[in-house]
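**Q** To be precise about what I am sending: the file is called upload_31.cif and holds mmCIF, C-alpha atoms.
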```
data_coords
loop_
_atom_site.label_atom_id
_atom_site.label_comp_id
_atom_site.auth_asym_id
_atom_site.auth_seq_id
_atom_site.Cartn_x
_atom_site.Cartn_y
_atom_site.Cartn_z
CA MET A 1 74.63 58.70 64.48
CA ASN A 2 78.16 58.01 63.34
CA PHE A 3 77.93 54.53 64.86
CA LEU A 4 74.68 53.87 62.95
CA ALA A 5 76.19 55.05 59.67
CA ALA A 6 79.31 52.92 60.23
CA SER A 7 77.18 49.86 61.03
CA ILE A 8 75.06 50.32 57.91
CA GLU A 9 78.21 50.83 55.84
CA SER A 10 79.82 47.70 57.27
CA LEU A 11 76.65 45.66 56.72
CA GLY A 12 76.40 46.95 53.15
CA ALA A 13 80.03 46.05 52.48
CA LYS A 14 79.44 42.52 53.81
CA ILE A 15 76.33 42.07 51.65
CA VAL A 16 78.20 43.33 48.58
CA ARG A 17 81.07 40.91 49.35
CA VAL A 18 78.68 37.95 49.69
CA LEU A 19 76.88 38.91 46.46
CA THR A 20 80.22 39.29 44.64
CA VAL A 21 81.35 35.83 45.79
CA GLY A 22 77.95 34.39 44.81
CA TYR A 23 78.11 36.02 41.39
CA GLY A 24 81.68 34.74 40.88
CA LEU A 25 80.62 31.19 41.73
CA LEU A 26 77.61 31.38 39.44
CA ALA A 27 79.63 32.85 36.55
CA PHE A 28 82.28 30.15 36.91
CA LEU A 29 79.64 27.41 37.10
CA THR A 30 78.00 28.74 33.92
CA GLU A 31 81.37 28.71 32.16
CA ALA A 32 82.01 25.15 33.37
CA LEU A 33 78.58 24.00 32.18
CA SER A 34 79.10 25.50 28.73
CA ALA A 35 82.51 23.77 28.55
CA LEU A 36 80.85 20.53 29.62
CA LEU A 37 78.42 20.81 26.70
CA ASP A 38 81.10 21.83 24.19
CA ARG A 39 82.04 18.96 21.87
CA ASN A 40 85.67 20.13 21.64
CA THR A 41 86.14 19.65 25.41
CA TRP A 42 85.61 15.93 25.17
CA ASN A 43 88.81 14.47 23.80
CA ARG A 44 90.81 11.52 25.12
CA ALA A 45 93.11 13.79 27.17
CA THR A 46 90.23 15.44 29.10
CA PHE A 47 88.70 12.03 29.77
CA ASN A 48 92.07 10.78 31.07
CA VAL A 49 92.35 13.76 33.44
CA VAL A 50 88.82 13.08 34.75
CA VAL A 51 89.73 9.42 35.40
CA LYS A 52 92.98 10.46 37.10
CA GLN A 53 91.13 12.98 39.31
CA VAL A 54 88.48 10.40 40.30
CA TYR A 55 91.33 8.04 41.21
CA PHE A 56 93.04 10.68 43.39
CA THR A 57 89.79 11.82 45.03
CA ALA A 58 87.84 8.60 45.52
CA VAL A 59 89.94 5.47 44.91
CA GLN A 60 93.20 6.40 46.61
CA ILE A 61 91.46 7.12 49.91
CA LEU A 62 89.30 3.97 49.97
CA PRO A 63 91.13 2.00 52.73
CA VAL A 64 91.15 4.92 55.18
CA PHE A 65 87.64 6.01 54.20
CA LEU A 66 86.18 2.51 54.65
CA THR A 67 87.79 2.16 58.09
CA TYR A 68 86.42 5.57 59.08
CA VAL A 69 82.92 4.66 57.83
CA LEU A 70 82.98 1.30 59.63
CA VAL A 71 84.02 2.88 62.94
CA ILE A 72 81.58 5.83 62.77
CA SER A 73 78.68 3.66 61.58
CA TRP A 74 79.27 0.99 64.19
CA LEU A 75 79.46 3.59 66.98
CA MET A 76 76.34 5.45 65.84
CA ILE A 77 74.35 2.25 65.36
CA THR A 78 75.34 1.04 68.84
CA ILE A 79 74.32 4.40 70.38
CA ILE A 80 70.98 4.45 68.53
CA LEU A 81 70.24 0.82 69.35
CA THR A 82 71.09 1.15 73.06
CA THR A 83 69.11 4.38 73.44
CA ALA A 84 66.09 2.97 71.55
CA ARG A 85 66.07 -0.19 73.71
CA ASP A 86 66.47 1.87 76.91
CA PHE A 87 63.34 3.83 76.02
CA GLY A 88 61.45 0.72 74.89
CA LEU A 89 61.56 1.82 71.24
CA GLY A 90 63.61 -1.12 69.93
CA GLN A 91 61.21 -1.65 67.00
CA PHE A 92 62.12 1.80 65.63
CA ALA A 93 65.89 1.21 65.80
CA SER A 94 66.27 0.19 62.15
CA GLU A 95 64.25 3.20 60.93
CA MET A 96 66.25 5.59 63.11
CA THR A 97 69.53 4.08 61.94
CA ILE A 98 68.62 4.65 58.30
CA ARG A 99 67.25 8.14 58.86
CA VAL A 100 70.21 9.35 60.93
CA LEU A 101 73.09 7.55 59.25
CA VAL A 102 72.10 6.96 55.63
CA LEU A 103 70.11 10.10 54.93
CA GLU A 104 72.05 12.65 56.96
CA LEU A 105 75.27 11.82 58.76
CA LEU A 106 77.22 9.74 56.23
CA PRO A 107 76.71 11.99 53.15
CA PHE A 108 77.61 14.99 55.35
CA LEU A 109 80.76 13.34 56.74
CA THR A 110 81.77 12.15 53.25
CA ALA A 111 81.52 15.71 51.94
CA LEU A 112 83.58 16.99 54.88
CA TYR A 113 86.20 14.27 54.31
CA ILE A 114 86.55 15.10 50.60
CA ALA A 115 86.58 18.83 51.37
CA LEU A 116 89.42 18.46 53.87
CA ARG A 117 91.47 16.14 51.70
CA SER A 118 90.84 17.20 48.10
CA GLY A 119 89.17 20.61 48.43
CA SER A 120 92.11 22.08 50.33
CA ALA A 121 94.57 20.53 47.84
CA ILE A 122 92.64 21.98 44.89
CA ASN A 123 92.49 25.42 46.52
CA THR A 124 96.25 25.38 47.16
CA GLU A 125 97.11 24.15 43.67
CA ILE A 126 94.97 26.73 41.86
CA ALA A 127 96.25 29.51 44.14
CA LEU A 128 99.85 28.49 43.39
CA MET A 129 99.08 28.31 39.67
CA ARG A 130 97.84 31.87 39.86
CA VAL A 131 100.70 33.18 41.98
CA ASN A 132 103.34 31.44 39.79
CA ASN A 133 101.82 32.95 36.59
CA GLU A 134 101.02 29.48 35.21
CA LEU A 135 97.52 30.68 34.31
CA ASP A 136 99.02 33.71 32.52
CA ALA A 137 101.29 31.36 30.56
CA LEU A 138 98.27 29.30 29.49
CA ALA A 139 96.46 32.51 28.49
CA HIS A 140 99.52 33.55 26.44
CA CYS A 141 99.34 30.19 24.64
CA LYS A 142 95.57 30.67 24.17
CA VAL A 143 94.93 27.35 25.91
CA PRO A 144 91.82 27.58 28.09
CA PRO A 145 92.46 25.91 31.48
CA MET A 146 88.80 24.96 31.90
CA PRO A 147 88.79 21.61 30.00
CA PHE A 148 91.92 20.11 31.52
CA GLU A 149 92.36 21.85 34.88
CA PHE A 150 89.00 22.91 36.27
CA LEU A 151 86.24 20.84 34.67
CA PRO A 152 87.82 17.42 35.48
CA ARG A 153 88.11 18.47 39.14
CA LEU A 154 84.45 19.54 39.24
CA ILE A 155 83.29 16.30 37.62
CA SER A 156 85.50 14.17 39.87
CA GLY A 157 84.20 16.00 42.97
CA VAL A 158 80.60 15.18 42.09
CA ILE A 159 81.36 11.55 41.08
CA SER A 160 83.53 10.96 44.17
CA VAL A 161 81.11 12.33 46.77
CA VAL A 162 78.14 10.50 45.20
CA ALA A 163 80.09 7.21 44.92
CA LEU A 164 81.71 7.32 48.36
CA ALA A 165 78.49 8.41 50.10
CA SER A 166 76.62 5.54 48.35
CA LEU A 167 79.29 3.08 49.47
CA ALA A 168 79.19 4.42 53.04
CA CYS A 169 75.37 4.18 53.12
CA LEU A 170 75.47 0.60 51.85
CA ILE A 171 77.96 -0.36 54.57
CA ALA A 172 75.82 1.37 57.22
CA VAL A 173 72.68 -0.50 56.06
CA MET A 174 74.52 -3.84 56.28
CA LEU A 175 76.05 -3.00 59.65
CA GLY A 176 72.64 -1.88 60.91
CA TYR A 177 71.17 -5.26 60.03
CA LEU A 178 74.05 -7.12 61.68
CA ALA A 179 73.78 -5.01 64.85
CA ILE A 180 70.00 -5.44 65.18
CA TYR A 181 69.44 -9.03 63.99
CA GLY A 182 72.91 -10.59 64.02
CA LEU A 183 73.79 -13.24 61.45
CA ASN A 184 70.32 -14.83 61.13
CA THR A 185 67.90 -13.99 58.35
CA SER A 186 64.75 -13.71 60.47
CA GLY A 187 64.57 -9.92 60.31
CA PHE A 188 65.51 -9.61 56.65
CA GLU A 189 61.96 -9.10 55.35
CA TYR A 190 61.03 -6.50 57.99
CA TYR A 191 64.37 -4.70 57.57
CA THR A 192 64.17 -4.49 53.76
CA ARG A 193 60.52 -3.38 53.99
CA THR A 194 61.53 -0.59 56.40
CA ILE A 195 64.31 0.49 54.03
CA SER A 196 62.00 0.56 51.01
CA LYS A 197 59.38 2.50 53.02
CA ILE A 198 61.89 5.22 53.94
CA LEU A 199 63.94 5.32 50.76
CA ASP A 200 61.20 6.01 48.23
CA PHE A 201 61.99 7.61 44.86
CA LYS A 202 61.60 11.19 46.13
CA ILE A 203 63.95 10.64 49.07
CA MET A 204 66.51 8.82 46.91
CA ALA A 205 66.43 11.58 44.27
CA GLY A 206 66.86 14.17 47.05
CA LEU A 207 69.76 12.23 48.54
CA PHE A 208 71.46 11.96 45.15
CA PHE A 209 70.94 15.68 44.48
CA LYS A 210 72.28 16.61 47.92
CA CYS A 211 75.42 14.48 47.40
CA ALA A 212 75.93 16.00 43.94
CA LEU A 213 75.62 19.50 45.45
CA PHE A 214 78.13 18.54 48.16
CA GLY A 215 80.51 17.33 45.44
CA LEU A 216 80.12 20.55 43.53
CA ALA A 217 80.64 22.67 46.66
CA VAL A 218 83.87 20.91 47.69
CA THR A 219 85.46 21.54 44.28
CA LEU A 220 83.81 24.65 42.83
CA ILE A 221 84.44 26.86 45.89
CA PRO A 222 88.15 25.92 46.27
CA ILE A 223 88.73 26.54 42.53
CA THR A 224 87.14 30.00 42.59
CA ALA A 225 88.89 30.83 45.89
CA GLY A 226 92.21 29.84 44.29
CA LEU A 227 91.49 32.00 41.23
CA GLU A 228 90.77 35.02 43.44
CA THR A 229 94.16 34.80 45.19
CA PRO A 230 96.21 38.01 44.92
CA LYS A 231 99.56 37.41 43.18
CA LYS A 232 101.59 37.18 46.38
CA LEU A 233 102.98 33.91 47.72
CA PHE A 234 102.14 34.75 51.34
CA MET A 235 98.46 35.06 50.32
CA VAL A 236 98.20 31.34 49.41
CA PRO A 237 97.50 30.15 53.01
CA VAL A 238 94.98 32.99 53.41
CA SER A 239 93.26 31.92 50.17
CA VAL A 240 93.04 28.29 51.39
CA LEU A 241 91.72 29.43 54.78
CA ARG A 242 89.02 31.59 53.16
CA GLY A 243 88.16 28.91 50.61
CA MET A 244 87.78 26.18 53.22
CA MET A 245 85.61 28.41 55.42
CA LYS A 246 83.33 29.02 52.43
CA VAL A 247 83.22 25.27 51.72
CA PHE A 248 82.26 24.53 55.34
CA PHE A 249 79.57 27.21 55.22
CA ALA A 250 78.21 25.85 51.90
CA ILE A 251 78.10 22.25 53.23
CA MET A 252 76.23 23.45 56.32
CA VAL A 253 73.72 25.43 54.21
CA ILE A 254 73.08 22.43 51.92
CA GLU A 255 72.56 20.14 54.94
CA VAL A 256 70.28 22.58 56.77
CA VAL A 257 68.17 23.25 53.65
CA SER A 258 67.90 19.51 52.99
CA LEU A 259 66.78 18.87 56.60
CA ALA A 260 64.30 21.72 56.45
CA LEU A 261 62.81 20.45 53.17
CA LYS A 262 62.49 16.94 54.60
CA TYR A 263 61.17 17.55 58.08
CA ILE A 264 59.53 21.00 58.23
CA MET B 1 110.76 45.24 30.11
CA ALA B 2 107.08 46.09 30.44
CA ALA B 3 107.16 46.69 26.69
CA VAL B 4 107.90 43.00 26.11
CA ALA B 5 104.93 41.93 28.21
CA GLU B 6 102.70 44.18 26.13
CA LEU B 7 103.65 42.64 22.80
CA ASP B 8 100.60 41.62 20.78
CA ASP B 9 99.14 38.18 20.15
CA ALA B 10 101.23 37.67 17.02
CA VAL B 11 104.30 37.19 19.22
CA ALA B 12 105.27 33.96 20.95
CA ARG B 13 107.27 34.71 24.11
CA VAL B 14 109.79 32.78 26.13
CA ALA B 15 110.07 34.46 29.51
CA LEU B 16 110.57 33.76 33.18
CA GLU B 17 107.07 35.18 33.78
CA LEU B 18 105.54 32.51 31.53
CA PRO B 19 106.44 29.29 33.35
CA LEU B 20 105.53 25.74 32.48
CA ARG B 21 102.57 24.01 34.11
CA ALA B 22 104.38 22.44 37.07
CA ASN B 23 102.46 19.17 37.32
CA LEU B 24 102.67 18.34 33.60
CA SER B 25 105.60 16.75 31.77
CA ALA B 26 107.56 18.70 29.17
CA LEU B 27 105.74 16.76 26.44
CA ASP B 28 102.30 17.51 27.90
CA ASN B 29 103.13 21.20 28.31
CA ILE B 30 103.88 21.44 24.59
CA ALA B 31 101.09 19.07 23.50
CA LEU B 32 98.45 21.24 25.23
CA ILE B 33 98.63 23.65 22.28
CA PRO B 34 97.72 21.28 19.41
CA LEU B 35 95.32 19.48 21.75
CA TYR B 36 93.22 22.34 23.10
CA GLN B 37 93.88 25.10 20.58
CA ARG B 38 93.81 23.16 17.31
CA HIS B 39 91.74 20.21 18.58
CA TYR B 40 94.03 17.41 17.44
CA ASP B 41 93.59 14.09 19.25
CA ALA B 42 95.92 13.28 22.16
CA THR B 43 98.12 10.88 20.15
CA GLU B 44 98.73 13.34 17.33
CA ALA B 45 99.32 16.23 19.77
CA GLY B 46 101.87 14.12 21.65
CA ARG B 47 103.55 13.15 18.39
CA GLN B 48 103.87 16.80 17.31
CA ALA B 49 105.29 17.79 20.70
CA HIS B 50 107.79 14.93 20.64
CA ALA B 51 108.87 15.79 17.09
CA LEU B 52 109.53 19.39 18.12
CA LEU B 53 111.63 18.36 21.12
CA ALA B 54 113.56 15.96 18.89
CA LEU B 55 114.12 18.75 16.37
CA LEU B 56 115.67 20.87 19.13
CA GLY B 57 117.87 17.90 20.05
CA HIS B 58 116.30 17.31 23.47
CA ALA B 59 113.80 14.45 23.02
CA GLU B 60 115.03 12.90 26.28
CA ILE B 61 113.38 15.61 28.41
CA ALA B 62 109.85 14.67 27.24
CA PRO B 63 108.81 12.87 30.48
CA LEU B 64 110.35 15.41 32.90
CA ARG B 65 108.24 17.76 34.98
CA ASP B 66 109.31 21.34 35.66
CA PRO B 67 110.77 20.78 39.16
CA ASP B 68 112.95 17.94 37.82
CA MET B 69 114.41 19.97 34.93
CA THR B 70 117.70 21.82 34.75
CA PRO B 71 117.45 25.49 33.71
CA ALA B 72 118.56 24.53 30.18
CA GLN B 73 115.92 21.79 29.90
CA ARG B 74 113.28 24.19 31.21
CA PHE B 75 114.32 26.77 28.62
CA VAL B 76 114.17 24.21 25.79
CA THR B 77 110.65 23.18 26.85
CA GLN B 78 109.50 26.80 27.02
CA LEU B 79 111.09 27.44 23.62
CA ALA B 80 109.40 24.37 22.12
CA ARG B 81 106.07 25.54 23.54
CA ALA B 82 106.60 28.98 21.98
CA LEU B 83 107.55 27.40 18.63
CA MET B 84 104.46 25.20 18.77
CA LEU B 85 102.34 28.38 18.83
CA LYS B 86 103.53 28.99 15.22
CA ARG B 87 103.33 32.77 15.55
CA PRO B 88 105.15 35.11 13.11
CA ARG B 89 107.56 36.44 15.79
CA LEU B 90 109.36 34.70 18.64
CA VAL B 91 110.72 36.85 21.44
CA ILE B 92 113.09 35.53 24.07
CA ASP B 93 112.76 37.88 27.01
CA ARG B 94 115.84 38.21 29.27
CA PRO B 95 117.23 34.69 28.65
CA GLY B 96 119.77 35.17 31.43
CA ALA B 97 116.93 35.01 33.97
CA ILE B 98 116.07 31.47 32.85
CA LEU B 99 119.48 30.22 31.67
CA TYR B 100 121.44 31.47 34.65
CA ASP B 101 124.00 28.64 34.70
CA VAL B 102 124.98 28.32 31.01
CA PRO B 103 126.64 30.71 28.52
CA TYR B 104 123.26 31.45 27.03
CA PRO B 105 124.02 33.33 23.77
CA HIS B 106 125.97 30.27 22.60
CA PHE B 107 123.28 27.89 23.87
CA ILE B 108 120.49 29.77 22.06
CA ARG B 109 122.58 29.98 18.86
CA GLN B 110 123.10 26.23 19.03
CA LEU B 111 119.36 25.60 19.45
CA ALA B 112 118.52 27.93 16.57
CA SER B 113 120.86 26.03 14.28
CA GLN B 114 119.09 22.69 14.94
CA GLY B 115 117.00 21.17 12.13
CA ASP B 116 114.85 23.27 9.86
CA LEU B 117 113.52 25.84 12.29
CA THR B 118 111.99 28.79 10.45
CA GLY B 119 111.13 32.33 11.50
CA THR B 120 113.01 35.05 13.31
CA TRP B 121 114.01 34.84 16.94
CA GLU B 122 114.44 38.13 18.75
CA ILE B 123 116.25 38.40 22.04
CA PHE B 124 115.43 41.20 24.48
CA ASP B 125 118.18 41.57 27.06
CA PHE B 126 119.75 44.22 29.29
CA SER B 127 122.12 46.56 27.47
CA TRP B 128 124.99 45.65 29.82
CA ASN B 129 124.82 42.04 28.52
CA GLN B 130 125.45 43.17 24.91
CA THR B 131 129.06 42.06 24.99
CA LEU B 132 128.00 38.47 25.65
CA TYR B 133 126.44 38.29 22.17
CA SER B 134 129.48 39.54 20.29
CA GLU B 135 131.67 36.65 21.49
#
```
Render the structure in this file as structure tokens.

**A**
Amino acid sequence: MNFLAASIESLGAKIVRVLTVGYGLLAFLTEALSALLDRNTWNRATFNVVVKQVYFTAVQILPVFLTYVLVISWLMITIILTTARDFGLGQFASEMTIRVLVLELLPFLTALYIALRSGSAINTEIALMRVNNELDALAHCKVPPMPFEFLPRLISGVISVVALASLACLIAVMLGYLAIYGLNTSGFEYYTRTISKILDFKIMAGLFFKCALFGLAVTLIPITAGLETPKKLFMVPVSVLRGMMKVFFAIMVIEVVSLALKYI
Amino acid sequence: MAAVAELDDAVARVALELPLRANLSALDNIALIPLYQRHYDATEAGRQAHALLALLGHAEIAPLRDPDMTPAQRFVTQLARALMLKRPRLVIDRPGAILYDVPYPHFIRQLASQGDLTGTWEIFDFSWNQTLYSE
């Protein structure tokens, strides 16, 4: 009986914790959206911070990211092509390449890449700001941190994931053509027709929305995790660990829901 | 010292517990106030911040970030930020904690005598440091 009561209590505590985290994320997102719509937020300084954040998140990593995309795409295309030919399904290779790489794998890997590189950095920075009382100092000065600290990071997360995933998909489509047809143009018409058949408006809108959600997850969750850090320096690594676990979980949920909506 | 932390909104504080934003320059730390509180444009906010640093005789620290500052430069930036708030009272809370490597009563007196700074500056310090102020 005691075991049952303890189990129910533990389950209840977990549910309350999940709901509290969910509520915190939602409340912060609402605050960010109202700041986004506030005319006073949009001055030259905020715009400059957004540009700087996009540079740090998306532009600075381009050489490494492009190499990573080229290697992954080339490997995946080769695997798909070889397997399809082995099973006598060579004519479906282009469709499989687009479905696997463009619609699923590359946006997912892009989100993971940004989460590991920028999400963890954001989580650490916000946690340190909190521990070092920098947020208290801003509150004392009645300067809201939202327009110049948080909102630019959220915007840059969304822009960066959407832009980098689009770039990765474009590279994969070109590599796919090269791998299947080589340098001649004979398969161009069939290949572009296959692409247009798969990537209709609904699928493209879904892909864009998924990438935007990924971008939001890799910035929103680290920011809120950083803000929840207790004011103790040794809690910063714990905050980053918890934040990154939540980001991974959120990316997985978005991917699974997107797959379920598409194929079930 | 808890009493100092509980002072109302009409007081601008300079304290170790109210640090600068570490990844912003001294100028940007001060300019945040006219920019996001009074909604001036970035150029005007920067000009006001620069003018205040110049008034305190430390315009050269404008591009420095917190980790690159000496304790005195950090104190000047925090003081300029507090002055920029334009509140009726300015409280310097335990200056020795920030200005640990300079004779701080003299340093603060020197800053207060710069330009046409108005208002009253109050210093809250430990009673055993009282002798330092009588020199």

**Q** Please return, as a PyMOL selection string, all residues of chain A lying within 8 Å of chain B when all atoms listed in the file are considered.

**A** chain A and resi 40-41+43-45+129+132-134+136-137+140-144

**Q** Hey, what's within 8 Å of range 170-181 of chain A if we count all atoms listed in the file and toss same-chain stuff fewer than 2 positions away? As a list of chain:residue names, please?

**A** A:Val69, A:Leu70, A:Ser73, A:Trp74, A:Ile77, A:Thr78, A:Leu81, A:Ala93, A:Ser94, A:Thr97, A:Ile98, A:Leu101, A:Val102, A:Ser166, A:Leu167, A:Ala168, A:Leu183, A:Asn184, A:Thr185, A:Ser186, A:Gly187, A:Phe188, A:Tyr191

**Q** Can you give me, as an MDAnalysis selection string, the residues this file yields under the PyMOL selection byres ((chain A and resi 110) around 10)?

**A** chainID A and resid 65 68:69 105:109 111:116 160:166 168 211 214:215

**Q** Figure out the distance between CA of Thr46 in chain A and CA of Leu29 in chain A, please, to one decimal in Å.

**A** 17.9 Å

**Q** Taking all atoms listed in the file into account, which of A:Ile61, A:Leu259, A:Ile221, A:Ile195 comes nearest Phe150 in chain A?

**A** A:Ile221

**Q** With distances taken over only C-alpha atoms, which residue among B:Glu60, B:Glu122, B:Glu44, B:Asp66 lies nearest Arg94 in chain B?

**A**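 Result for the nearest residue to Arg94 in chain B: B:Glu122.
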
**Q** Taking all listed atoms of range 56-67 of chain B, build the axis-aligned box, pad each of the six sides by 4 Å, then write its centre and edge lengths in Å to one decimal as lines of an AutoDock Vina configuration file.

**A**
```
center_x = 113.1
center_y = 17.1
center_z = 29.1
size_x = 17.6
size_y = 16.5
size_z = 28.0
```

**Q** Could you tell me how far CA of Leu207 in chain A sits from CA of Glu255 in chain A, in Å to one decimal place?

**A**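 Taking CA of Glu255 in chain A as the start and CA of Leu207 in chain A as the end point, the length is 10.6 Å.
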
**Q** Distance CA of Leu75 in chain A-CA of Gly88 in chain A, one decimal place?

**A**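 So the two atoms, CA of Leu75 in chain A and CA of Gly88 in chain A, lie 19.9 Å apart.
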
**Q** For the file shown, what are the residues hit by the PyMOL selection byres ((chain A and resi 258) around 12), laid out as a PyMOL selection string?

**A** chain A and resi 103-104+107-108+203+205-211+213-214+251-257+259-264

**Q** Name the closest residue to Gln78 in chain B among the candidates A:Val18, A:Cys169, A:Leu233, A:Leu138; distances are taken between atoms, counting only C-alpha atoms.

**A** A:Leu138

**Q** Carefully work through the PyMOL selection byres ((chain B and resi 124) around 10) for this structure and note down the residues it includes, as a list in words.

**A**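 That selection, the PyMOL selection byres ((chain B and resi 124) around 10), comes back as Met1, Val4, Ala15, Val91, Ile92, Asp93, Arg94, Pro95, Trp121, Glu122, Ile123, Asp125, Phe126 and Ser127 of chain B.
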
**Q** Filtering to C-alpha atoms, could you give me those residues as a compact mmCIF listing (two decimals), in the frame of the given file?

**A**
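Contents of part06.txt, as written:
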```txt
# COMPACT_ATOMS: atom_id res chain seq x y z
CA MET B 1 110.76 45.24 30.11
CA VAL B 4 107.90 43.00 26.11
CA ALA B 15 110.07 34.46 29.51
CA VAL B 91 110.72 36.85 21.44
CA ILE B 92 113.09 35.53 24.07
CA ASP B 93 112.76 37.88 27.01
CA ARG B 94 115.84 38.21 29.27
CA PRO B 95 117.23 34.69 28.65
CA TRP B 121 114.01 34.84 16.94
CA GLU B 122 114.44 38.13 18.75
CA ILE B 123 116.25 38.40 22.04
CA ASP B 125 118.18 41.57 27.06
CA PHE B 126 119.75 44.22 29.29
CA SER B 127 122.12 46.56 27.47
```

**Q** So, counting only C-alpha atoms, which residue among B:Pro103, B:Gly96, B:Pro63, B:Gly57 is closest to Ala80 in chain B?

**A**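 For Ala80 in chain B, the nearest of the candidates is B:Gly57.
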